[in-house]
>>> print(open('coords-v9.txt').read())   # compact mmCIF, C-alpha atoms
# COMPACT_ATOMS: atom_id res chain seq x y z
CA MET U 1 98.47 136.74 110.57
CA SER U 2 101.89 135.79 111.87
CA LYS U 3 100.32 134.33 115.07
CA GLU U 4 97.89 132.26 113.00
CA LEU U 5 100.78 131.02 110.88
CA MET U 6 102.81 130.07 113.94
CA ASP U 7 99.82 128.19 115.40
CA ALA U 8 99.41 126.32 112.11
CA LEU U 9 103.09 125.36 112.06
CA ASP U 10 102.90 124.14 115.67
CA LEU U 11 99.89 122.00 114.79
CA LEU U 12 101.61 120.49 111.75
CA GLU U 13 104.70 119.71 113.78
CA LYS U 14 102.63 117.99 116.47
CA GLU U 15 100.15 116.05 114.33
CA LYS U 16 102.29 115.12 111.32
CA ASN U 17 105.72 115.09 112.96
CA ILE U 18 107.08 117.68 110.51
CA SER U 19 109.80 119.95 111.85
CA LYS U 20 109.11 123.68 111.82
CA ASP U 21 112.54 124.31 110.33
CA SER U 22 111.50 122.39 107.21
CA LEU U 23 108.25 124.36 107.03
CA PHE U 24 110.10 127.66 107.38
CA ASP U 25 112.38 126.58 104.52
CA ALA U 26 109.29 125.80 102.47
CA ILE U 27 107.81 129.25 103.19
CA GLU U 28 111.05 130.95 102.16
CA ASN U 29 111.21 128.94 98.93
CA SER U 30 107.56 129.63 98.17
CA LEU U 31 108.08 133.38 98.57
CA ILE U 32 111.09 133.24 96.27
CA THR U 33 108.96 131.35 93.75
CA ALA U 34 106.23 133.99 94.06
CA CYS U 35 108.76 136.74 93.46
CA LYS U 36 110.01 134.98 90.36
CA ASN U 37 106.48 134.56 89.03
CA ASN U 38 105.64 138.17 89.80
CA PHE U 39 108.86 139.88 88.68
CA GLY U 40 110.12 137.38 86.14
CA ARG U 41 113.37 136.48 87.93
CA ALA U 42 114.58 135.51 91.38
CA GLU U 43 118.39 135.46 91.19
CA ASN U 44 118.70 138.58 93.33
CA ILE U 45 115.71 137.91 95.60
CA ARG U 46 116.20 137.24 99.32
CA VAL U 47 113.58 136.24 101.86
CA GLU U 48 114.05 136.61 105.59
CA VAL U 49 111.66 134.85 107.95
CA ASP U 50 111.71 135.50 111.68
CA ARG U 51 111.35 132.00 113.09
CA ASN U 52 110.21 133.31 116.47
CA ASN U 53 107.15 135.24 115.33
CA CYS U 54 106.75 134.25 111.63
CA ASP U 55 107.25 137.82 110.35
CA PHE U 56 108.83 137.76 106.90
CA LYS U 57 110.34 140.28 104.50
CA CYS U 58 111.31 140.05 100.84
CA TYR U 59 114.25 141.94 99.37
CA ALA U 60 115.70 142.43 95.93
CA ASP U 61 119.46 143.08 95.88
CA LYS U 62 120.08 145.83 93.32
CA THR U 63 123.27 147.49 92.13
CA VAL U 64 123.40 151.29 92.48
CA VAL U 65 124.03 153.26 89.26
CA GLU U 66 124.54 157.02 88.76
CA THR U 67 121.21 158.13 87.33
CA ALA U 68 117.82 156.77 86.30
CA ASP U 69 118.96 156.87 82.67
CA ASP U 70 121.78 154.47 83.53
CA VAL U 71 119.32 151.86 84.78
CA MET U 72 119.37 149.20 82.06
CA ASP U 73 117.46 146.52 84.01
CA PRO U 74 115.22 147.79 86.82
CA GLN U 75 115.07 144.27 88.28
CA ILE U 76 118.75 144.32 89.25
CA GLU U 77 119.71 148.03 89.13
CA ILE U 78 118.60 151.16 90.97
CA SER U 79 119.51 154.81 90.58
CA LEU U 80 121.58 156.58 93.24
CA ASP U 81 118.70 158.91 94.15
CA ASP U 82 116.29 156.02 94.70
CA ALA U 83 118.92 154.08 96.61
CA LYS U 84 119.43 156.98 99.03
CA LYS U 85 115.73 156.84 99.86
CA ILE U 86 116.44 153.42 101.28
CA THR U 87 119.80 154.16 102.86
CA LYS U 88 121.55 157.48 102.93
CA LYS U 89 124.94 155.77 102.83
CA ALA U 90 124.30 154.37 99.35
CA LYS U 91 127.04 154.95 96.75
CA VAL U 92 127.46 154.01 93.11
CA ASP U 93 128.29 150.28 92.63
CA ASP U 94 126.95 149.43 96.09
CA VAL U 95 124.38 146.65 96.41
CA VAL U 96 121.21 147.80 98.16
CA ALA U 97 118.47 145.56 99.57
CA VAL U 98 115.22 146.92 98.16
CA PRO U 99 112.12 145.83 100.13
CA LEU U 100 109.40 144.10 98.10
CA ASN U 101 105.72 144.23 98.96
CA SER U 102 104.43 140.68 98.93
CA LYS U 103 100.86 141.99 98.99
CA GLU U 104 101.35 143.10 95.42
CA PHE U 105 101.93 139.54 94.22
CA GLY U 106 99.36 138.47 91.65
CA ARG U 107 96.86 135.64 92.11
CA ILE U 108 98.90 133.18 90.06
CA ALA U 109 102.09 133.96 91.98
CA THR U 110 100.25 133.52 95.28
CA GLN U 111 98.72 130.21 94.17
CA ASN U 112 102.10 128.91 93.05
CA ALA U 113 103.58 129.86 96.42
CA LYS U 114 100.78 127.98 98.15
CA ASN U 115 101.45 124.91 96.00
CA VAL U 116 105.14 124.99 96.90
CA ILE U 117 104.27 124.96 100.61
CA LEU U 118 101.71 122.15 100.23
CA GLN U 119 104.17 120.07 98.20
CA LYS U 120 106.82 120.52 100.88
CA ILE U 121 104.35 119.50 103.58
CA ARG U 122 103.48 116.33 101.64
CA GLU U 123 107.15 115.48 101.11
CA GLU U 124 108.01 116.05 104.76
CA GLU U 125 105.02 114.01 105.91
CA ARG U 126 106.03 111.09 103.67
CA GLY U 127 109.59 111.40 104.95
CA ALA U 128 108.43 111.42 108.58
CA ILE U 129 106.27 108.31 108.03
CA TYR U 130 109.12 106.53 106.24
CA ASN U 131 111.55 107.29 109.07
CA GLU U 132 109.03 106.15 111.68
CA TYR U 133 108.49 102.74 110.08
CA PHE U 134 112.08 102.32 108.88
CA GLU U 135 113.06 102.29 112.56
CA LYS U 136 110.60 99.39 113.02
CA GLU U 137 112.12 97.32 110.22
CA HIS U 138 112.81 93.74 111.47
CA ASP U 139 110.47 94.30 114.40
CA ILE U 140 106.82 93.47 115.03
CA VAL U 141 103.93 95.94 114.86
CA THR U 142 100.19 95.70 115.40
CA GLY U 143 97.85 96.56 112.56
CA VAL U 144 94.24 96.24 111.44
CA VAL U 145 93.23 94.12 108.46
CA GLN U 146 91.63 96.40 105.87
CA ARG U 147 90.94 94.60 102.63
CA PHE U 148 92.20 92.06 100.13
CA ILE U 149 94.14 93.26 97.09
CA GLY U 150 93.98 90.19 94.94
CA LYS U 151 95.51 87.52 97.16
CA ASN U 152 97.46 90.06 99.19
CA VAL U 153 96.17 91.71 102.35
CA SER U 154 96.31 95.42 103.15
CA ILE U 155 97.15 96.07 106.82
CA ASN U 156 96.64 99.51 108.37
CA LEU U 157 99.48 100.29 110.79
CA GLY U 158 98.18 103.71 111.87
CA ARG U 159 99.93 106.32 109.76
CA ALA U 160 100.64 104.00 106.85
CA ASP U 161 99.38 100.86 105.15
CA ALA U 162 101.41 97.67 104.80
CA ILE U 163 101.13 94.78 102.36
CA LEU U 164 100.99 91.17 103.52
CA ASN U 165 101.89 89.24 100.38
CA GLU U 166 100.41 85.83 99.69
CA ASN U 167 103.74 84.05 100.24
CA GLU U 168 104.09 85.73 103.67
CA GLN U 169 100.68 84.52 104.84
CA VAL U 170 100.25 81.45 107.02
CA LYS U 171 98.26 78.73 105.31
CA GLY U 172 95.00 78.22 107.12
CA GLU U 173 94.96 81.65 108.78
CA VAL U 174 91.86 83.73 108.06
CA TYR U 175 92.33 87.48 107.83
CA ARG U 176 89.03 89.23 108.53
CA PRO U 177 88.60 92.98 107.89
CA THR U 178 88.77 95.11 111.08
CA SER U 179 90.54 92.32 113.01
CA ARG U 180 93.78 93.21 114.77
CA ILE U 181 96.92 91.33 113.82
CA ARG U 182 100.61 91.40 114.72
CA VAL U 183 103.06 91.25 111.84
CA TYR U 184 106.82 91.29 111.29
CA VAL U 185 108.15 94.21 109.26
CA LEU U 186 110.27 92.74 106.48
CA GLU U 187 111.20 95.84 104.52
CA VAL U 188 110.38 99.54 104.26
CA LYS U 189 110.95 101.23 100.90
CA ASN U 190 110.66 104.94 100.21
CA GLY U 191 108.50 105.44 97.10
CA SER U 192 107.17 108.49 95.25
CA LYS U 193 103.71 107.91 96.75
CA GLY U 194 104.97 107.31 100.26
CA PRO U 195 106.63 104.41 102.06
CA ARG U 196 105.94 100.86 100.85
CA ILE U 197 105.92 98.52 103.83
CA LEU U 198 106.15 94.75 103.41
CA VAL U 199 105.18 92.57 106.39
CA SER U 200 105.13 88.86 107.18
CA ARG U 201 103.31 86.34 109.34
CA THR U 202 105.61 83.45 108.42
CA HIS U 203 109.08 84.80 109.25
CA PRO U 204 110.89 82.96 112.10
CA ASP U 205 111.84 86.29 113.68
CA LEU U 206 108.14 86.98 114.30
CA VAL U 207 108.26 84.23 116.94
CA LYS U 208 111.59 85.53 118.21
CA ARG U 209 110.25 89.07 118.68
CA LEU U 210 107.12 87.75 120.42
CA PHE U 211 109.30 85.90 122.95
CA GLU U 212 111.41 89.03 123.45
CA GLN U 213 108.26 90.99 124.28
CA GLU U 214 106.70 88.39 126.56
CA VAL U 215 109.77 87.12 128.46
CA ALA U 216 111.35 89.62 130.83
CA GLU U 217 114.51 87.50 131.14
CA ILE U 218 115.12 87.85 127.40
CA GLN U 219 114.56 91.60 127.56
CA ASP U 220 117.18 92.07 130.28
CA GLY U 221 119.69 89.72 128.59
CA THR U 222 119.59 86.94 131.19
CA VAL U 223 118.23 84.51 128.60
CA GLU U 224 119.37 84.47 124.97
CA ILE U 225 117.61 83.05 121.93
CA LYS U 226 120.40 81.16 120.19
CA SER U 227 118.56 79.65 117.24
CA ILE U 228 115.08 79.28 115.82
CA ALA U 229 113.50 77.12 113.13
CA ARG U 230 109.93 77.49 111.97
CA GLU U 231 107.36 75.98 109.69
CA ALA U 232 104.69 78.65 109.92
CA GLY U 233 101.28 77.53 111.05
CA SER U 234 102.52 74.12 112.16
CA ARG U 235 105.56 74.03 114.46
CA THR U 236 108.49 76.08 115.73
CA LYS U 237 111.60 74.97 117.58
CA ILE U 238 113.53 77.56 119.54
CA ALA U 239 116.84 77.04 121.38
CA VAL U 240 117.51 79.23 124.42
CA TYR U 241 120.46 79.69 126.76
CA SER U 242 120.71 81.21 130.24
CA ASN U 243 123.63 83.44 131.19
CA ASN U 244 122.69 82.97 134.83
CA PRO U 245 123.10 79.44 136.24
CA ASN U 246 120.25 80.15 138.67
CA VAL U 247 117.79 80.87 135.87
CA ASP U 248 116.21 78.06 133.86
CA ALA U 249 116.08 79.31 130.27
CA VAL U 250 113.31 76.95 129.16
CA GLY U 251 111.27 77.57 132.30
CA ALA U 252 111.54 81.34 131.86
CA CYS U 253 110.26 81.11 128.29
CA VAL U 254 107.47 78.67 129.08
CA GLY U 255 106.29 80.50 132.18
CA VAL U 256 104.21 79.27 135.11
CA ASN U 257 101.83 76.59 133.81
CA GLY U 258 102.88 77.57 130.29
CA ALA U 259 101.41 81.07 130.64
CA ARG U 260 104.06 82.84 128.57
CA VAL U 261 104.39 80.39 125.73
CA ASN U 262 100.63 79.94 125.53
CA LEU U 263 100.18 83.66 124.83
CA ILE U 264 102.51 83.30 121.86
CA VAL U 265 100.82 80.10 120.71
CA ASP U 266 97.46 81.90 120.76
CA GLU U 267 98.92 84.81 118.79
CA LEU U 268 100.17 82.33 116.18
CA GLY U 269 96.81 80.60 115.88
CA GLY U 270 97.72 77.44 117.80
CA GLU U 271 101.14 76.83 116.22
CA LYS U 272 103.09 74.33 118.35
CA ILE U 273 106.28 75.64 119.93
CA ASP U 274 109.12 73.49 121.28
CA VAL U 275 111.47 75.38 123.61
CA ILE U 276 114.77 73.56 124.15
CA ASN U 277 118.04 74.24 125.93
CA TRP U 278 120.98 75.33 123.81
CA ASP U 279 124.17 73.35 124.35
CA GLU U 280 127.66 73.97 122.99
CA ASN U 281 128.09 70.22 122.65
CA PRO U 282 126.54 69.44 119.25
CA GLY U 283 125.49 65.96 120.35
CA ASN U 284 123.55 67.28 123.32
CA LEU U 285 122.07 70.06 121.20
CA ILE U 286 120.88 67.58 118.57
CA GLN U 287 119.39 65.38 121.26
CA ASN U 288 117.50 68.37 122.67
CA ALA U 289 116.41 69.46 119.20
CA LEU U 290 114.90 66.06 118.42
CA SER U 291 112.72 66.08 121.53
CA PRO U 292 110.24 64.73 122.44
CA ALA U 293 111.89 61.64 120.89
CA LYS U 294 114.29 59.65 123.08
CA ILE U 295 117.81 59.17 121.76
CA VAL U 296 120.14 56.19 122.28
CA ALA U 297 123.29 57.75 120.83
CA VAL U 298 124.53 60.61 118.67
CA PHE U 299 127.67 60.91 116.59
CA ALA U 300 128.24 64.53 115.52
CA ASP U 301 130.94 65.62 113.09
CA PRO U 302 131.51 69.38 113.57
CA ASP U 303 133.76 69.59 110.51
CA GLU U 304 131.22 68.08 108.15
CA LYS U 305 128.27 69.57 110.05
CA SER U 306 126.59 66.18 109.96
CA ALA U 307 125.31 63.84 112.62
CA LYS U 308 124.23 60.21 112.92
CA VAL U 309 121.52 59.54 115.47
CA VAL U 310 120.36 56.19 116.84
CA VAL U 311 116.91 55.94 118.42
CA PRO U 312 114.93 53.01 119.82
CA ASP U 313 112.91 51.22 117.14
CA TYR U 314 109.60 52.38 118.57
CA GLN U 315 110.81 56.02 118.66
CA LEU U 316 111.87 56.26 115.00
CA SER U 317 108.62 57.71 113.68
CA LEU U 318 108.47 60.20 116.56
CA ALA U 319 112.05 61.34 115.97
CA ILE U 320 111.44 61.85 112.27
CA GLY U 321 108.02 63.39 112.81
CA LYS U 322 105.05 63.69 110.51
CA GLU U 323 106.34 64.04 106.95
CA GLY U 324 109.84 64.43 108.43
CA GLN U 325 108.99 67.68 110.19
CA ASN U 326 110.68 67.01 113.54
CA ALA U 327 113.96 65.98 111.93
CA ARG U 328 113.78 68.81 109.41
CA LEU U 329 113.27 71.48 112.08
CA ALA U 330 116.02 69.95 114.25
CA ALA U 331 118.41 70.13 111.30
CA ARG U 332 117.58 73.80 110.70
CA LEU U 333 117.85 74.61 114.38
CA THR U 334 121.26 72.99 114.86
CA GLY U 335 122.73 73.57 111.42
CA TYR U 336 123.61 69.88 111.15
CA LYS U 337 122.53 67.37 108.54
CA ILE U 338 120.95 64.66 110.67
CA ASP U 339 120.73 61.00 109.69
CA ILE U 340 118.34 59.14 112.00
CA LYS U 341 118.35 55.36 112.27
CA SER U 342 116.57 52.91 114.54
CA GLU U 343 118.70 50.50 116.55
CA THR U 344 117.87 47.68 114.14
CA GLN U 345 118.76 49.78 111.09
CA ALA U 346 121.97 50.97 112.72
CA LYS U 347 123.12 47.44 113.60
CA ASP U 348 122.55 46.34 110.01
CA ALA U 349 124.48 49.34 108.60
CA PRO U 350 128.01 48.55 107.29
CA GLY U 351 130.73 49.58 109.68
CA PHE U 352 128.37 50.42 112.52
CA ARG U 353 129.59 49.68 116.04
CA MET U 354 127.65 50.88 119.06
CA GLU U 355 130.88 51.02 121.08
CA ASP U 356 131.95 53.93 118.83
CA TYR U 357 128.95 55.87 120.08
CA LEU U 358 129.06 55.03 123.80
CA ASP U 359 131.79 54.99 126.39
CA ASP U 360 132.79 51.69 127.99
CA GLU U 361 130.48 51.94 131.00
CA ASP U 362 127.43 52.94 128.94
CA TYR U 363 128.23 50.28 126.34
CA ASP U 364 128.31 47.58 129.02
CA GLU U 365 124.95 48.76 130.29
CA TYR U 366 123.64 48.78 126.73
CA GLU U 367 124.81 45.20 126.17
CA GLU U 368 123.12 44.12 129.42
CA GLY U 369 119.92 45.92 128.43
CA GLU U 370 120.22 48.39 131.34
CA TYR U 371 121.25 51.47 129.34
CA GLU U 372 118.72 54.30 129.82
CA GLU U 373 117.50 55.68 126.56
CA GLY U 374 118.13 59.37 126.29
CA ASP U 375 121.46 59.26 128.14
CA VAL U 376 123.08 60.39 124.94
CA GLU U 377 126.80 60.24 124.47
CA SER U 378 128.20 62.52 121.78
CA SER U 379 131.35 61.46 119.98
CA ASP U 380 133.59 63.47 117.68
CA ALA U 381 135.40 60.36 116.41
CA GLU U 382 134.57 59.43 112.85
CA VAL U 383 132.63 56.20 112.38
CA GLU U 384 133.82 53.96 109.58
CA GLU U 385 131.24 53.71 106.82
>>> encode(input="coords-v9.txt", output="structure tokens")
Amino acid sequence: MSKELMDALDLLEKEKNISKDSLFDAIENSLITACKNNFGRAENIRVEVDRNNCDFKCYADKTVVETADDVMDPQIEISLDDAKKITKKAKVDDVVAVPLNSKEFGRIATQNAKNVILQKIREEERGAIYNEYFEKEHDIVTGVVQRFIGKNVSINLGRADAILNENEQVKGEVYRPTSRIRVYVLEVKNGSKGPRILVSRTHPDLVKRLFEQEVAEIQDGTVEIKSIAREAGSRTKIAVYSNNPNVDAVGACVGVNGARVNLIVDELGGEKIDVINWDENPGNLIQNALSPAKIVAVFADPDEKSAKVVVPDYQLSLAIGKEGQNARLAARLTGYKIDIKSETQAKDAPGFRMEDYLDDEDYDEYEEGEYEEGDVESSDAEVEE
């Protein structure tokens, strides 16, 4: 029996990731519970389980009294004559461990002991699953779409189910049962019925984690993701920086012929991704963030976290983007409030002077019509309104 029990514990530990120590504790507690149900009390009951071979013994600690007539409570007292049958060294007032025969436990006591073990197994299994997925919080996992629960989607992650709430779903994406899907783990809560896992398809860090998985240079720390802005299902802008001057951060993320970024685009259902270079100079960063639009000049105020941008007249709609998306994502990416004006609008604005935006050489070129658009000059000097 002990070998069968040990085999069962090994199997539980392997399949359900439940430690044998926890199971041994459960067995000890169940035997104590059985003793209490059988004898009516368990204060003086001890259980010893050999964790090498699963042999177990139950004892009742009883105080030795002079004679059988002095035994007031047979559950906690034993006569000297009976005590000497257990150990010849027994003396009055000693505490003797009296062996109990677990085979004598009644059916109800045995069933209760079984229930204690099963309850412990369920608790430990829930705890193991919670710990497994808690470690994956703020990371991406692959799951299988199961069914719709109202407007929410149930995703099977293997050992647990996750919930993709309606507000974490990408508009236009179709979630078909049995299809595989990668999701970002937002939060893992430990509930009475097991872990409750909330996942997302819209979170910006989903794109970040996908790049970390696909781009080896990000994994080894050569390339860093400095900032990311996303409108799920439509467009993402991501700013990257290389710690090695010989490594092109944007090129590493895009890959040969766009191989790396295209894998991520496919995973996101065709969502457009702009990968730009991070720059400590806010003017250069804003220029990069507004790509593919060409920029004439940028005035960035680091204190106010605001920027004024001048673009050629024909580039204004491109810089702003459809429904303001390009400018909106650039503002999120850089952390600056960006005011975009065409050259005509800027010249008509009170207090505007192009010479405040460009240095002398570039301004002369601009006046002569030879200034190359996109050769942005960032200024930290405040422009008079």
>>> closest_atom_pairs(input="coords-v9.txt", of="stretch 62-121 of chain U", to="stretch 26-29 of chain U", cutoff="10 Å", atoms="all atoms listed in the file", output="CSV")
residue,atom,partner,partner_atom,distance
U:Ala113,CA,U:Ile27,CA,8.0
U:Lys114,CA,U:Ile27,CA,8.7
U:Val116,CA,U:Ala26,CA,7.0
U:Ile117,CA,U:Ala26,CA,5.4
U:Leu118,CA,U:Ala26,CA,8.7
U:Gln119,CA,U:Ala26,CA,8.8
U:Lys120,CA,U:Ala26,CA,6.0
U:Ile121,CA,U:Ala26,CA,8.1
>>> write_last_selection(input="coords-v9.txt", atoms="C-alpha atoms", output="mmCIF file, in the coordinates of the input")
data_model
loop_
_atom_site.group_PDB
_atom_site.id
_atom_site.type_symbol
_atom_site.label_atom_id
_atom_site.label_comp_id
_atom_site.auth_asym_id
_atom_site.auth_seq_id
_atom_site.Cartn_x
_atom_site.Cartn_y
_atom_site.Cartn_z
ATOM 1 C CA ALA U 113 103.580 129.860 96.420
ATOM 2 C CA LYS U 114 100.780 127.980 98.150
ATOM 3 C CA VAL U 116 105.140 124.990 96.900
ATOM 4 C CA ILE U 117 104.270 124.960 100.610
ATOM 5 C CA LEU U 118 101.710 122.150 100.230
ATOM 6 C CA GLN U 119 104.170 120.070 98.200
ATOM 7 C CA LYS U 120 106.820 120.520 100.880
ATOM 8 C CA ILE U 121 104.350 119.500 103.580
#
>>> atom_distance(input="coords-v9.txt", atom1="atom CA of U:Leu157", atom2="atom CA of U:Ile264")
20.5 Å
>>> residues_around(input="coords-v9.txt", residues="U:Ser342", least_positions_apart="5", cutoff="7 Å", atoms="all atoms listed in the file", output="mmCIF file with C-alpha atoms, in the coordinates of the input")
data_model
loop_
_atom_site.group_PDB
_atom_site.id
_atom_site.type_symbol
_atom_site.label_atom_id
_atom_site.label_comp_id
_atom_site.auth_asym_id
_atom_site.auth_seq_id
_atom_site.Cartn_x
_atom_site.Cartn_y
_atom_site.Cartn_z
ATOM 1 C CA VAL U 310 120.360 56.190 116.840
ATOM 2 C CA VAL U 311 116.910 55.940 118.420
ATOM 3 C CA PRO U 312 114.930 53.010 119.820
ATOM 4 C CA ASP U 313 112.910 51.220 117.140
ATOM 5 C CA LEU U 316 111.870 56.260 115.000
#
>>> atom_distance(input="coords-v9.txt", atom1="atom CA of U:Asn167", atom2="atom CA of U:Arg201")
9.4 Å
>>> atom_distance(input="coords-v9.txt", atom1="atom CA of U:Glu214", atom2="atom CA of U:Arg260")
6.5 Å
>>> closest_residue(input="coords-v9.txt", among="U:Thr222, U:Gly194, U:Ile45, U:Leu285", to="U:Glu123", atoms="all atoms listed in the file")
U:Gly194
